Structure formats: structure tokens, C-alpha cells
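Data file: input.cif. Format and content: mmCIF, N, CA and C atoms.
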data_coords
#
loop_
_atom_site.label_atom_id
_atom_site.label_comp_id
_atom_site.auth_asym_id
_atom_site.auth_seq_id
_atom_site.Cartn_x
_atom_site.Cartn_y
_atom_site.Cartn_z
N MET A 1 10.53 33.22 12.14
CA MET A 1 11.07 31.96 11.71
C MET A 1 10.32 30.83 12.42
N ALA A 2 10.09 29.72 11.73
CA ALA A 2 9.35 28.59 12.29
C ALA A 2 10.16 27.90 13.38
N GLU A 3 9.45 27.44 14.37
CA GLU A 3 10.09 26.72 15.47
C GLU A 3 10.44 25.30 15.04
N MET A 4 11.61 24.83 15.42
CA MET A 4 12.05 23.47 15.07
C MET A 4 11.27 22.46 15.90
N PRO A 5 10.76 21.40 15.27
CA PRO A 5 10.05 20.39 16.03
C PRO A 5 11.00 19.63 16.96
N GLU A 6 10.43 19.10 18.02
CA GLU A 6 11.23 18.33 18.97
C GLU A 6 11.64 17.00 18.33
N THR A 7 12.87 16.59 18.60
CA THR A 7 13.38 15.33 18.06
C THR A 7 13.49 14.30 19.18
N GLU A 8 12.86 13.16 18.92
CA GLU A 8 12.94 12.03 19.85
C GLU A 8 13.96 11.05 19.29
N ARG A 9 15.03 10.83 19.99
CA ARG A 9 16.09 9.94 19.52
C ARG A 9 15.96 8.59 20.23
N GLU A 10 16.01 7.53 19.44
CA GLU A 10 15.99 6.17 19.98
C GLU A 10 17.31 5.52 19.62
N GLU A 11 17.92 4.86 20.57
CA GLU A 11 19.21 4.22 20.32
C GLU A 11 18.98 2.83 19.73
N CYS A 12 19.72 2.51 18.68
CA CYS A 12 19.64 1.19 18.08
C CYS A 12 20.19 0.17 19.08
N THR A 13 19.44 -0.88 19.31
CA THR A 13 19.87 -1.90 20.27
C THR A 13 20.91 -2.85 19.69
N ASP A 14 21.18 -2.76 18.38
CA ASP A 14 22.20 -3.61 17.77
C ASP A 14 23.56 -2.91 17.70
N CYS A 15 23.56 -1.66 17.25
CA CYS A 15 24.86 -1.01 17.01
C CYS A 15 25.14 0.19 17.93
N PHE A 16 24.12 0.67 18.63
CA PHE A 16 24.26 1.79 19.58
C PHE A 16 24.89 3.03 18.94
N ALA A 17 24.62 3.25 17.65
CA ALA A 17 25.22 4.37 16.93
C ALA A 17 24.69 5.71 17.43
N GLN A 18 25.52 6.71 17.29
CA GLN A 18 25.18 8.09 17.63
C GLN A 18 25.26 8.91 16.35
N PRO A 19 24.73 10.14 16.37
CA PRO A 19 24.83 10.98 15.17
C PRO A 19 26.28 11.14 14.75
N ASP A 20 26.54 10.84 13.49
CA ASP A 20 27.90 10.91 12.94
C ASP A 20 27.76 10.91 11.42
N PRO A 21 28.59 11.65 10.71
CA PRO A 21 28.49 11.69 9.24
C PRO A 21 28.65 10.31 8.58
N ASP A 22 29.33 9.37 9.23
CA ASP A 22 29.51 8.04 8.65
C ASP A 22 28.33 7.11 8.92
N ASN A 23 27.44 7.51 9.82
CA ASN A 23 26.29 6.68 10.18
C ASN A 23 25.06 7.08 9.38
N THR A 24 24.06 6.21 9.41
CA THR A 24 22.82 6.45 8.69
C THR A 24 21.73 6.86 9.67
N ARG A 25 21.05 7.93 9.36
CA ARG A 25 19.94 8.42 10.19
C ARG A 25 18.63 7.98 9.56
N ILE A 26 17.81 7.28 10.34
CA ILE A 26 16.46 6.92 9.91
C ILE A 26 15.53 7.79 10.73
N GLY A 27 14.75 8.59 10.06
CA GLY A 27 13.86 9.50 10.77
C GLY A 27 12.50 9.56 10.12
N TYR A 28 11.51 9.93 10.91
CA TYR A 28 10.17 10.15 10.38
C TYR A 28 9.46 11.17 11.25
N VAL A 29 8.44 11.77 10.68
CA VAL A 29 7.63 12.76 11.39
C VAL A 29 6.52 12.01 12.11
N MET A 30 6.38 12.29 13.40
CA MET A 30 5.34 11.66 14.21
C MET A 30 4.02 12.43 14.06
N LYS A 31 2.92 11.82 14.49
CA LYS A 31 1.61 12.45 14.37
C LYS A 31 1.54 13.80 15.06
N ASP A 32 2.27 13.96 16.16
CA ASP A 32 2.23 15.23 16.89
C ASP A 32 3.14 16.29 16.26
N GLY A 33 3.80 15.94 15.14
CA GLY A 33 4.66 16.89 14.45
C GLY A 33 6.13 16.80 14.84
N GLY A 34 6.42 16.03 15.88
CA GLY A 34 7.81 15.84 16.28
C GLY A 34 8.54 14.91 15.32
N ILE A 35 9.84 14.81 15.51
CA ILE A 35 10.68 13.96 14.67
C ILE A 35 11.19 12.79 15.51
N HIS A 36 11.14 11.61 14.94
CA HIS A 36 11.71 10.42 15.59
C HIS A 36 12.91 10.01 14.76
N GLU A 37 14.03 9.74 15.41
CA GLU A 37 15.22 9.33 14.66
C GLU A 37 15.97 8.23 15.38
N THR A 38 16.60 7.39 14.57
CA THR A 38 17.50 6.36 15.06
C THR A 38 18.70 6.37 14.13
N TRP A 39 19.89 6.28 14.71
CA TRP A 39 21.13 6.25 13.93
C TRP A 39 21.67 4.83 13.90
N HIS A 40 22.29 4.47 12.77
CA HIS A 40 22.85 3.13 12.58
C HIS A 40 24.23 3.21 11.94
N THR A 41 25.12 2.31 12.35
CA THR A 41 26.41 2.19 11.69
C THR A 41 26.21 1.51 10.34
N PRO A 42 27.14 1.67 9.41
CA PRO A 42 26.98 1.05 8.09
C PRO A 42 26.81 -0.46 8.13
N ASP A 43 27.39 -1.14 9.13
CA ASP A 43 27.30 -2.60 9.19
C ASP A 43 26.25 -3.10 10.20
N CYS A 44 25.34 -2.24 10.59
CA CYS A 44 24.33 -2.60 11.59
C CYS A 44 23.35 -3.65 11.03
N PRO A 45 23.15 -4.76 11.75
CA PRO A 45 22.21 -5.79 11.29
C PRO A 45 20.77 -5.27 11.17
N GLU A 46 20.35 -4.42 12.11
CA GLU A 46 18.99 -3.88 12.05
C GLU A 46 18.79 -3.03 10.80
N LEU A 47 19.79 -2.23 10.46
CA LEU A 47 19.72 -1.41 9.25
C LEU A 47 19.67 -2.29 8.01
N THR A 48 20.46 -3.35 7.98
CA THR A 48 20.45 -4.27 6.84
C THR A 48 19.07 -4.90 6.66
N ILE A 49 18.48 -5.36 7.76
CA ILE A 49 17.14 -5.96 7.70
C ILE A 49 16.11 -4.93 7.24
N MET A 50 16.22 -3.70 7.74
CA MET A 50 15.30 -2.63 7.35
C MET A 50 15.40 -2.37 5.85
N ARG A 51 16.61 -2.33 5.32
CA ARG A 51 16.80 -2.09 3.88
C ARG A 51 16.21 -3.23 3.06
N ILE A 52 16.43 -4.47 3.50
CA ILE A 52 15.86 -5.62 2.80
C ILE A 52 14.34 -5.53 2.80
N ASN A 53 13.76 -5.21 3.95
CA ASN A 53 12.30 -5.09 4.05
C ASN A 53 11.77 -3.96 3.17
N PHE A 54 12.47 -2.82 3.13
CA PHE A 54 12.06 -1.73 2.25
C PHE A 54 12.08 -2.18 0.79
N GLU A 55 13.16 -2.86 0.40
CA GLU A 55 13.28 -3.31 -0.98
C GLU A 55 12.19 -4.33 -1.32
N GLU A 56 11.92 -5.26 -0.41
CA GLU A 56 10.86 -6.25 -0.64
C GLU A 56 9.49 -5.59 -0.70
N GLY A 57 9.25 -4.63 0.18
CA GLY A 57 7.99 -3.90 0.16
C GLY A 57 7.81 -3.13 -1.14
N HIS A 58 8.87 -2.50 -1.60
CA HIS A 58 8.82 -1.77 -2.85
C HIS A 58 8.53 -2.72 -4.01
N LYS A 59 9.20 -3.85 -4.01
CA LYS A 59 8.98 -4.85 -5.06
C LYS A 59 7.53 -5.32 -5.05
N GLN A 60 6.98 -5.57 -3.87
CA GLN A 60 5.60 -6.02 -3.75
C GLN A 60 4.63 -4.96 -4.27
N VAL A 61 4.87 -3.70 -3.94
CA VAL A 61 4.01 -2.62 -4.42
C VAL A 61 4.07 -2.55 -5.94
N LEU A 62 5.24 -2.66 -6.52
CA LEU A 62 5.36 -2.63 -7.98
C LEU A 62 4.61 -3.80 -8.62
N GLU A 63 4.72 -4.99 -8.02
CA GLU A 63 4.00 -6.15 -8.54
C GLU A 63 2.49 -5.98 -8.41
N GLN A 64 2.03 -5.47 -7.26
CA GLN A 64 0.60 -5.23 -7.07
C GLN A 64 0.08 -4.20 -8.07
N ASP A 65 0.83 -3.13 -8.27
CA ASP A 65 0.42 -2.10 -9.21
C ASP A 65 0.35 -2.64 -10.63
N ALA A 66 1.34 -3.44 -11.02
CA ALA A 66 1.34 -4.01 -12.37
C ALA A 66 0.13 -4.93 -12.56
N TRP A 67 -0.15 -5.76 -11.56
CA TRP A 67 -1.31 -6.65 -11.62
C TRP A 67 -2.59 -5.82 -11.72
N ALA A 68 -2.73 -4.82 -10.85
CA ALA A 68 -3.94 -4.00 -10.81
C ALA A 68 -4.14 -3.24 -12.11
N GLU A 69 -3.06 -2.72 -12.68
CA GLU A 69 -3.18 -1.99 -13.94
C GLU A 69 -3.68 -2.89 -15.06
N GLY A 70 -3.35 -4.18 -14.98
CA GLY A 70 -3.83 -5.12 -15.99
C GLY A 70 -5.27 -5.55 -15.74
N VAL A 71 -5.66 -5.68 -14.49
CA VAL A 71 -6.99 -6.20 -14.13
C VAL A 71 -8.04 -5.10 -14.06
N PHE A 72 -7.69 -3.95 -13.53
CA PHE A 72 -8.67 -2.92 -13.24
C PHE A 72 -9.49 -2.47 -14.44
N PRO A 73 -8.88 -2.16 -15.59
CA PRO A 73 -9.70 -1.68 -16.71
C PRO A 73 -10.78 -2.68 -17.13
N ALA A 74 -10.44 -3.97 -17.19
CA ALA A 74 -11.43 -4.97 -17.60
C ALA A 74 -12.51 -5.13 -16.54
N ALA A 75 -12.13 -5.12 -15.26
CA ALA A 75 -13.13 -5.22 -14.18
C ALA A 75 -14.06 -4.01 -14.21
N HIS A 76 -13.51 -2.85 -14.48
CA HIS A 76 -14.33 -1.64 -14.56
C HIS A 76 -15.30 -1.72 -15.73
N GLU A 77 -14.85 -2.23 -16.85
CA GLU A 77 -15.74 -2.41 -18.01
C GLU A 77 -16.85 -3.41 -17.69
N ARG A 78 -16.51 -4.51 -17.02
CA ARG A 78 -17.53 -5.50 -16.65
C ARG A 78 -18.56 -4.87 -15.74
N LEU A 79 -18.12 -4.04 -14.81
CA LEU A 79 -19.03 -3.35 -13.91
C LEU A 79 -20.01 -2.50 -14.73
N LYS A 80 -19.50 -1.72 -15.68
CA LYS A 80 -20.37 -0.86 -16.49
C LYS A 80 -21.35 -1.68 -17.34
N HIS A 81 -20.87 -2.77 -17.94
CA HIS A 81 -21.74 -3.59 -18.79
C HIS A 81 -22.79 -4.31 -17.95
N THR A 82 -22.39 -4.78 -16.77
CA THR A 82 -23.35 -5.45 -15.89
C THR A 82 -24.43 -4.48 -15.46
N ALA A 83 -24.05 -3.27 -15.14
CA ALA A 83 -25.02 -2.25 -14.71
C ALA A 83 -26.01 -1.96 -15.82
N ALA A 84 -25.54 -1.89 -17.05
CA ALA A 84 -26.42 -1.58 -18.17
C ALA A 84 -27.34 -2.74 -18.53
N ALA A 85 -26.90 -3.98 -18.28
CA ALA A 85 -27.64 -5.15 -18.74
C ALA A 85 -28.66 -5.69 -17.74
N LEU A 86 -28.49 -5.43 -16.45
CA LEU A 86 -29.40 -6.01 -15.46
C LEU A 86 -30.65 -5.16 -15.29
N PRO A 87 -31.83 -5.83 -15.24
CA PRO A 87 -33.08 -5.08 -15.09
C PRO A 87 -33.42 -4.83 -13.61
N GLY A 88 -34.13 -3.77 -13.36
CA GLY A 88 -34.74 -3.49 -12.07
C GLY A 88 -33.81 -3.50 -10.88
N GLU A 89 -34.37 -3.85 -9.72
CA GLU A 89 -33.63 -3.84 -8.46
C GLU A 89 -32.52 -4.87 -8.41
N ALA A 90 -32.67 -5.98 -9.11
CA ALA A 90 -31.61 -7.00 -9.13
C ALA A 90 -30.31 -6.41 -9.66
N ALA A 91 -30.44 -5.43 -10.53
CA ALA A 91 -29.25 -4.82 -11.11
C ALA A 91 -28.41 -4.13 -10.05
N ALA A 92 -29.03 -3.63 -9.02
CA ALA A 92 -28.30 -2.85 -8.02
C ALA A 92 -27.50 -3.72 -7.06
N GLN A 93 -27.87 -4.98 -6.88
CA GLN A 93 -27.24 -5.80 -5.84
C GLN A 93 -25.72 -5.92 -5.94
N PRO A 94 -25.14 -6.28 -7.09
CA PRO A 94 -23.67 -6.38 -7.12
C PRO A 94 -22.99 -5.03 -6.92
N PHE A 95 -23.64 -3.97 -7.35
CA PHE A 95 -23.07 -2.63 -7.18
C PHE A 95 -23.10 -2.21 -5.72
N VAL A 96 -24.21 -2.53 -5.06
CA VAL A 96 -24.32 -2.22 -3.63
C VAL A 96 -23.27 -3.00 -2.85
N ALA A 97 -23.10 -4.28 -3.18
CA ALA A 97 -22.11 -5.11 -2.48
C ALA A 97 -20.69 -4.59 -2.71
N ALA A 98 -20.36 -4.25 -3.97
CA ALA A 98 -19.02 -3.74 -4.27
C ALA A 98 -18.80 -2.39 -3.61
N LEU A 99 -19.78 -1.51 -3.69
CA LEU A 99 -19.64 -0.20 -3.08
C LEU A 99 -19.48 -0.31 -1.57
N THR A 100 -20.27 -1.20 -0.97
CA THR A 100 -20.16 -1.41 0.48
C THR A 100 -18.77 -1.87 0.86
N GLU A 101 -18.21 -2.80 0.10
CA GLU A 101 -16.87 -3.30 0.40
C GLU A 101 -15.80 -2.23 0.17
N LEU A 102 -15.96 -1.44 -0.88
CA LEU A 102 -15.01 -0.36 -1.14
C LEU A 102 -15.05 0.69 -0.04
N VAL A 103 -16.25 1.03 0.40
CA VAL A 103 -16.38 2.01 1.47
C VAL A 103 -15.77 1.45 2.76
N GLN A 104 -15.98 0.16 3.03
CA GLN A 104 -15.39 -0.45 4.22
C GLN A 104 -13.87 -0.46 4.12
N ALA A 105 -13.33 -0.74 2.94
CA ALA A 105 -11.88 -0.73 2.76
C ALA A 105 -11.33 0.67 3.06
N GLN A 106 -12.03 1.70 2.62
CA GLN A 106 -11.58 3.06 2.91
C GLN A 106 -11.74 3.36 4.40
N ALA A 107 -12.82 2.91 4.99
CA ALA A 107 -13.06 3.13 6.42
C ALA A 107 -11.98 2.47 7.27
N ASP A 108 -11.45 1.37 6.80
CA ASP A 108 -10.38 0.66 7.52
C ASP A 108 -9.04 1.41 7.42
N ASN A 109 -8.95 2.38 6.53
CA ASN A 109 -7.70 3.12 6.34
C ASN A 109 -8.02 4.61 6.20
N LEU A 110 -8.43 5.24 7.28
CA LEU A 110 -8.85 6.63 7.22
C LEU A 110 -7.70 7.61 7.04
N THR A 111 -6.48 7.17 7.24
CA THR A 111 -5.35 8.09 7.09
C THR A 111 -4.77 8.06 5.68
N GLY A 112 -5.26 7.18 4.83
CA GLY A 112 -4.73 7.08 3.47
C GLY A 112 -5.85 6.92 2.48
N PHE A 113 -5.59 6.17 1.45
CA PHE A 113 -6.59 5.92 0.42
C PHE A 113 -6.56 4.45 0.05
N VAL A 114 -7.63 3.99 -0.56
CA VAL A 114 -7.70 2.60 -1.00
C VAL A 114 -6.85 2.51 -2.27
N PRO A 115 -5.76 1.73 -2.23
CA PRO A 115 -4.88 1.65 -3.41
C PRO A 115 -5.54 0.88 -4.55
N LEU A 116 -5.02 1.11 -5.73
CA LEU A 116 -5.58 0.51 -6.94
C LEU A 116 -5.71 -1.00 -6.85
N HIS A 117 -4.72 -1.69 -6.25
CA HIS A 117 -4.81 -3.15 -6.21
C HIS A 117 -6.00 -3.62 -5.36
N ARG A 118 -6.39 -2.88 -4.32
CA ARG A 118 -7.58 -3.24 -3.53
C ARG A 118 -8.85 -3.03 -4.34
N TRP A 119 -8.92 -1.92 -5.10
CA TRP A 119 -10.07 -1.69 -5.97
C TRP A 119 -10.21 -2.86 -6.95
N ALA A 120 -9.09 -3.24 -7.56
CA ALA A 120 -9.13 -4.32 -8.54
C ALA A 120 -9.56 -5.63 -7.90
N GLU A 121 -9.05 -5.94 -6.70
CA GLU A 121 -9.45 -7.17 -6.00
C GLU A 121 -10.96 -7.18 -5.74
N ILE A 122 -11.48 -6.07 -5.25
CA ILE A 122 -12.90 -5.99 -4.92
C ILE A 122 -13.77 -6.09 -6.17
N LEU A 123 -13.39 -5.36 -7.22
CA LEU A 123 -14.18 -5.44 -8.45
C LEU A 123 -14.11 -6.83 -9.08
N GLU A 124 -12.95 -7.47 -9.01
CA GLU A 124 -12.82 -8.85 -9.53
C GLU A 124 -13.75 -9.79 -8.78
N ARG A 125 -13.90 -9.59 -7.47
CA ARG A 125 -14.73 -10.47 -6.65
C ARG A 125 -16.22 -10.29 -6.98
N HIS A 126 -16.65 -9.06 -7.23
CA HIS A 126 -18.07 -8.79 -7.46
C HIS A 126 -18.47 -8.82 -8.93
N PHE A 127 -17.52 -8.64 -9.82
CA PHE A 127 -17.78 -8.66 -11.25
C PHE A 127 -16.76 -9.56 -11.91
N ARG A 128 -16.95 -10.86 -11.71
CA ARG A 128 -16.00 -11.86 -12.19
C ARG A 128 -15.92 -11.85 -13.71
N PRO A 129 -14.71 -12.10 -14.24
CA PRO A 129 -14.58 -12.17 -15.70
C PRO A 129 -15.25 -13.46 -16.21
N ASP A 130 -15.71 -13.41 -17.45
CA ASP A 130 -16.26 -14.61 -18.07
C ASP A 130 -15.12 -15.61 -18.29
N LEU A 131 -15.50 -16.82 -18.61
CA LEU A 131 -14.49 -17.82 -18.94
C LEU A 131 -13.68 -17.32 -20.14
N PRO A 132 -12.41 -17.74 -20.23
CA PRO A 132 -11.58 -17.28 -21.36
C PRO A 132 -12.22 -17.63 -22.70
N ASP A 133 -12.09 -16.73 -23.64
CA ASP A 133 -12.58 -16.93 -24.99
C ASP A 133 -11.66 -17.93 -25.69
N PRO A 134 -12.18 -19.12 -26.08
CA PRO A 134 -11.30 -20.12 -26.71
C PRO A 134 -10.72 -19.64 -28.03
N GLY A 135 -11.34 -18.64 -28.65
CA GLY A 135 -10.83 -18.11 -29.92
C GLY A 135 -9.73 -17.08 -29.72
N HIS A 136 -9.49 -16.71 -28.47
CA HIS A 136 -8.49 -15.70 -28.19
C HIS A 136 -7.25 -16.37 -27.62
N THR A 137 -6.11 -16.06 -28.19
CA THR A 137 -4.86 -16.61 -27.67
C THR A 137 -4.14 -15.54 -26.89
N ALA A 138 -3.61 -15.93 -25.74
CA ALA A 138 -2.85 -14.98 -24.92
C ALA A 138 -1.55 -14.66 -25.63
N GLY A 139 -1.15 -13.43 -25.52
CA GLY A 139 0.04 -13.12 -26.26
C GLY A 139 0.94 -12.23 -25.61
#

Could you write out this file's structure as C-alpha cells?
Amino acid sequence: MAEMPETEREECTDCFAQPDPDNTRIGYVMKDGGIHETWHTPDCPELTIMRINFEEGHKQVLEQDAWAEGVFPAAHERLKHTAAALPGEAAAQPFVAALTELVQAQADNLTGFVPLHRWAEILERHFRPDLPDPGHTAG
């Protein structure tokens, strides 16, 4: 049978809650494989702030993903068209710059991945969209 990881318990400085079925346990796995936990009472101010921050963070991620899903396909198409249209070595410059920035973004976050909204931001910066088509109406 697998050995249980060690649990590091931190006391909440607002509510001083202990493990109890009526309390909320916030826990996560640490890099060394141990567990970190903090218990909170239902009316704990720290827990309320944490929940608000989680909800705001989730909302922000959804907004970023929605924006990126709208921008990324067009930026990707511009990248492909620009690559096909530029002659010689000049053609490589925007691709080298974008690739360098993408690689740096990944290097800055070696424990995860570069999320779609960062890809879209970088591609938008290096392969800017043309001015809006006056014959096209947004809909």
C-alpha cells in the first residue's frame, strides 16, 4: 500500500479553525509531494476573499479564452499568408521575432505551458491585422 504523504497544516490567522466537518479545508500538493492544508470556518473573512479571488480569476480566464479564440485563427492565417508572400530573408524576420518571443514566454513558465491568450497576443503584435474592410459590417 502507498505511503500517505506528510501533511503540513497552517492555522488561519483570521478564524483559527481546526479540522471539523462544518469547516472548509483548503489544501494543495506541494512540490515535494507533501500536502499543505488550512481550515476555515464558514464565515471566515480570508476564505471569503479567497473565494472572490478564485471567481474573479476564473472569470478572467474565461474572458481571455473567449478573446483568444476570436483572435487566434485570424492571426494564425495572417502568419501563414505573410510567410507565403514575403521574398527571401526578409520573409523570415517577423517569424523569427514571433518565435523568439513565444519561446521566451515558454521559458518564463517552465512548469506549465503558454496559454492560448499569450499566443494570440504575440501573434497579434508580430502579424498585425489590416485596417478594417469598409465593405464589411460587424455583426

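Ranking A:Lys31, A:Ala68, A:Glu77, A:Thr82 by their shortest atom-to-atom distance to Glu121 (chain A), with only N, CA and C atoms included, puts A:Ala68 first.
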
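CA of Ile26 (chain A) lies 5.3 Å from CA of Thr38 (chain A).
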
Taking the file as shown, find all residues satisfying the PyMOL selection byres ((chain A and resi 14) around 6.5) and write them as a PDB file with N, CA and C atoms, in the coordinates of the input.
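Ended up saving to out_30.pdb:
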ATOM      1  N   GLU A  11      17.920   4.860  20.570  1.00  0.00           N
ATOM      2  CA  GLU A  11      19.210   4.220  20.320  1.00  0.00           C
ATOM      3  C   GLU A  11      18.980   2.830  19.730  1.00  0.00           C
ATOM      4  N   CYS A  12      19.720   2.510  18.680  1.00  0.00           N
ATOM      5  CA  CYS A  12      19.640   1.190  18.080  1.00  0.00           C
ATOM      6  C   CYS A  12      20.190   0.170  19.080  1.00  0.00           C
ATOM      7  N   THR A  13      19.440  -0.880  19.310  1.00  0.00           N
ATOM      8  CA  THR A  13      19.870  -1.900  20.270  1.00  0.00           C
ATOM      9  C   THR A  13      20.910  -2.850  19.690  1.00  0.00           C
ATOM     10  N   CYS A  15      23.560  -1.660  17.250  1.00  0.00           N
ATOM     11  CA  CYS A  15      24.860  -1.010  17.010  1.00  0.00           C
ATOM     12  C   CYS A  15      25.140   0.190  17.930  1.00  0.00           C
ATOM     13  N   PHE A  16      24.120   0.670  18.630  1.00  0.00           N
ATOM     14  CA  PHE A  16      24.260   1.790  19.580  1.00  0.00           C
ATOM     15  C   PHE A  16      24.890   3.030  18.940  1.00  0.00           C
ATOM     16  N   ALA A  17      24.620   3.250  17.650  1.00  0.00           N
ATOM     17  CA  ALA A  17      25.220   4.370  16.930  1.00  0.00           C
ATOM     18  C   ALA A  17      24.690   5.710  17.430  1.00  0.00           C
ATOM     19  N   CYS A  44      25.340  -2.240  10.590  1.00  0.00           N
ATOM     20  CA  CYS A  44      24.330  -2.600  11.590  1.00  0.00           C
ATOM     21  C   CYS A  44      23.350  -3.650  11.030  1.00  0.00           C
ATOM     22  N   PRO A  45      23.150  -4.760  11.750  1.00  0.00           N
ATOM     23  CA  PRO A  45      22.210  -5.790  11.290  1.00  0.00           C
ATOM     24  C   PRO A  45      20.770  -5.270  11.170  1.00  0.00           C
ATOM     25  N   GLU A  46      20.350  -4.420  12.110  1.00  0.00           N
ATOM     26  CA  GLU A  46      18.990  -3.880  12.050  1.00  0.00           C
ATOM     27  C   GLU A  46      18.790  -3.030  10.800  1.00  0.00           C
TER      28      GLU A  46
END

Once you count only C-alpha atoms, what closest atom pair and distance in Å to one decimal does each residue of region 24-89 of chain A within 7 Å of region 6-9 of chain A have, with rows by chain and rising residue number, as a Markdown table?
| residue | atom | partner | partner_atom | distance |
| --- | --- | --- | --- | --- |
| A:Gly34 | CA | A:Glu6 | CA | 5.0 |
| A:Ile35 | CA | A:Thr7 | CA | 4.5 |
| A:His36 | CA | A:Glu8 | CA | 4.7 |
| A:Glu37 | CA | A:Arg9 | CA | 5.0 |
| A:Thr38 | CA | A:Arg9 | CA | 5.9 |

### Task
Could you please write out, as a PyMOL selection string, every residue of chain A that DSSP assigns to strand (DSSP E)?
chain A and resi 7-10+24-29+35-40

Assuming the input is short of atoms at region 26-41 of chain A, produce N, CA, C and O atoms for that part as a PDB file, keeping the file's coordinate frame.
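Saved as result.pdb:
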ATOM      1  N   ILE A  26      17.810   7.280  10.340  1.00  0.00           N
ATOM      2  CA  ILE A  26      16.460   6.920   9.910  1.00  0.00           C
ATOM      3  C   ILE A  26      15.530   7.790  10.730  1.00  0.00           C
ATOM      4  O   ILE A  26      15.529   7.739  11.962  1.00  0.00           O
ATOM      5  N   GLY A  27      14.750   8.590  10.060  1.00  0.00           N
ATOM      6  CA  GLY A  27      13.860   9.500  10.770  1.00  0.00           C
ATOM      7  C   GLY A  27      12.500   9.560  10.120  1.00  0.00           C
ATOM      8  O   GLY A  27      12.338   9.258   8.935  1.00  0.00           O
ATOM      9  N   TYR A  28      11.510   9.930  10.910  1.00  0.00           N
ATOM     10  CA  TYR A  28      10.170  10.150  10.380  1.00  0.00           C
ATOM     11  C   TYR A  28       9.460  11.170  11.250  1.00  0.00           C
ATOM     12  O   TYR A  28       9.817  11.406  12.397  1.00  0.00           O
ATOM     13  N   VAL A  29       8.440  11.770  10.680  1.00  0.00           N
ATOM     14  CA  VAL A  29       7.630  12.760  11.390  1.00  0.00           C
ATOM     15  C   VAL A  29       6.520  12.010  12.110  1.00  0.00           C
ATOM     16  O   VAL A  29       5.803  11.203  11.513  1.00  0.00           O
ATOM     17  N   MET A  30       6.380  12.290  13.400  1.00  0.00           N
ATOM     18  CA  MET A  30       5.340  11.660  14.210  1.00  0.00           C
ATOM     19  C   MET A  30       4.020  12.430  14.060  1.00  0.00           C
ATOM     20  O   MET A  30       4.004  13.552  13.555  1.00  0.00           O
ATOM     21  N   LYS A  31       2.920  11.820  14.490  1.00  0.00           N
ATOM     22  CA  LYS A  31       1.610  12.450  14.370  1.00  0.00           C
ATOM     23  C   LYS A  31       1.540  13.800  15.060  1.00  0.00           C
ATOM     24  O   LYS A  31       0.841  14.695  14.610  1.00  0.00           O
ATOM     25  N   ASP A  32       2.270  13.960  16.160  1.00  0.00           N
ATOM     26  CA  ASP A  32       2.230  15.230  16.890  1.00  0.00           C
ATOM     27  C   ASP A  32       3.140  16.290  16.260  1.00  0.00           C
ATOM     28  O   ASP A  32       3.258  17.400  16.769  1.00  0.00           O
ATOM     29  N   GLY A  33       3.800  15.940  15.140  1.00  0.00           N
ATOM     30  CA  GLY A  33       4.660  16.890  14.450  1.00  0.00           C
ATOM     31  C   GLY A  33       6.130  16.800  14.840  1.00  0.00           C
ATOM     32  O   GLY A  33       6.974  17.414  14.211  1.00  0.00           O
ATOM     33  N   GLY A  34       6.420  16.030  15.880  1.00  0.00           N
ATOM     34  CA  GLY A  34       7.810  15.840  16.280  1.00  0.00           C
ATOM     35  C   GLY A  34       8.540  14.910  15.320  1.00  0.00           C
ATOM     36  O   GLY A  34       7.948  14.298  14.442  1.00  0.00           O
ATOM     37  N   ILE A  35       9.840  14.810  15.510  1.00  0.00           N
ATOM     38  CA  ILE A  35      10.680  13.960  14.670  1.00  0.00           C
ATOM     39  C   ILE A  35      11.190  12.790  15.510  1.00  0.00           C
ATOM     40  O   ILE A  35      11.606  12.979  16.649  1.00  0.00           O
ATOM     41  N   HIS A  36      11.140  11.610  14.940  1.00  0.00           N
ATOM     42  CA  HIS A  36      11.710  10.420  15.590  1.00  0.00           C
ATOM     43  C   HIS A  36      12.910  10.010  14.760  1.00  0.00           C
ATOM     44  O   HIS A  36      12.828   9.930  13.535  1.00  0.00           O
ATOM     45  N   GLU A  37      14.030   9.740  15.410  1.00  0.00           N
ATOM     46  CA  GLU A  37      15.220   9.330  14.660  1.00  0.00           C
ATOM     47  C   GLU A  37      15.970   8.230  15.380  1.00  0.00           C
ATOM     48  O   GLU A  37      15.950   8.144  16.605  1.00  0.00           O
ATOM     49  N   THR A  38      16.600   7.390  14.570  1.00  0.00           N
ATOM     50  CA  THR A  38      17.500   6.360  15.060  1.00  0.00           C
ATOM     51  C   THR A  38      18.700   6.370  14.130  1.00  0.00           C
ATOM     52  O   THR A  38      18.552   6.449  12.909  1.00  0.00           O
ATOM     53  N   TRP A  39      19.890   6.280  14.710  1.00  0.00           N
ATOM     54  CA  TRP A  39      21.130   6.250  13.930  1.00  0.00           C
ATOM     55  C   TRP A  39      21.670   4.830  13.900  1.00  0.00           C
ATOM     56  O   TRP A  39      21.506   4.060  14.854  1.00  0.00           O
ATOM     57  N   HIS A  40      22.290   4.470  12.770  1.00  0.00           N
ATOM     58  CA  HIS A  40      22.850   3.130  12.580  1.00  0.00           C
ATOM     59  C   HIS A  40      24.230   3.210  11.940  1.00  0.00           C
ATOM     60  O   HIS A  40      24.459   4.045  11.060  1.00  0.00           O
ATOM     61  N   THR A  41      25.120   2.310  12.350  1.00  0.00           N
ATOM     62  CA  THR A  41      26.410   2.190  11.690  1.00  0.00           C
ATOM     63  C   THR A  41      26.210   1.510  10.340  1.00  0.00           C
ATOM     64  O   THR A  41      25.199   0.833  10.126  1.00  0.00           O
TER      65      THR A  41
END
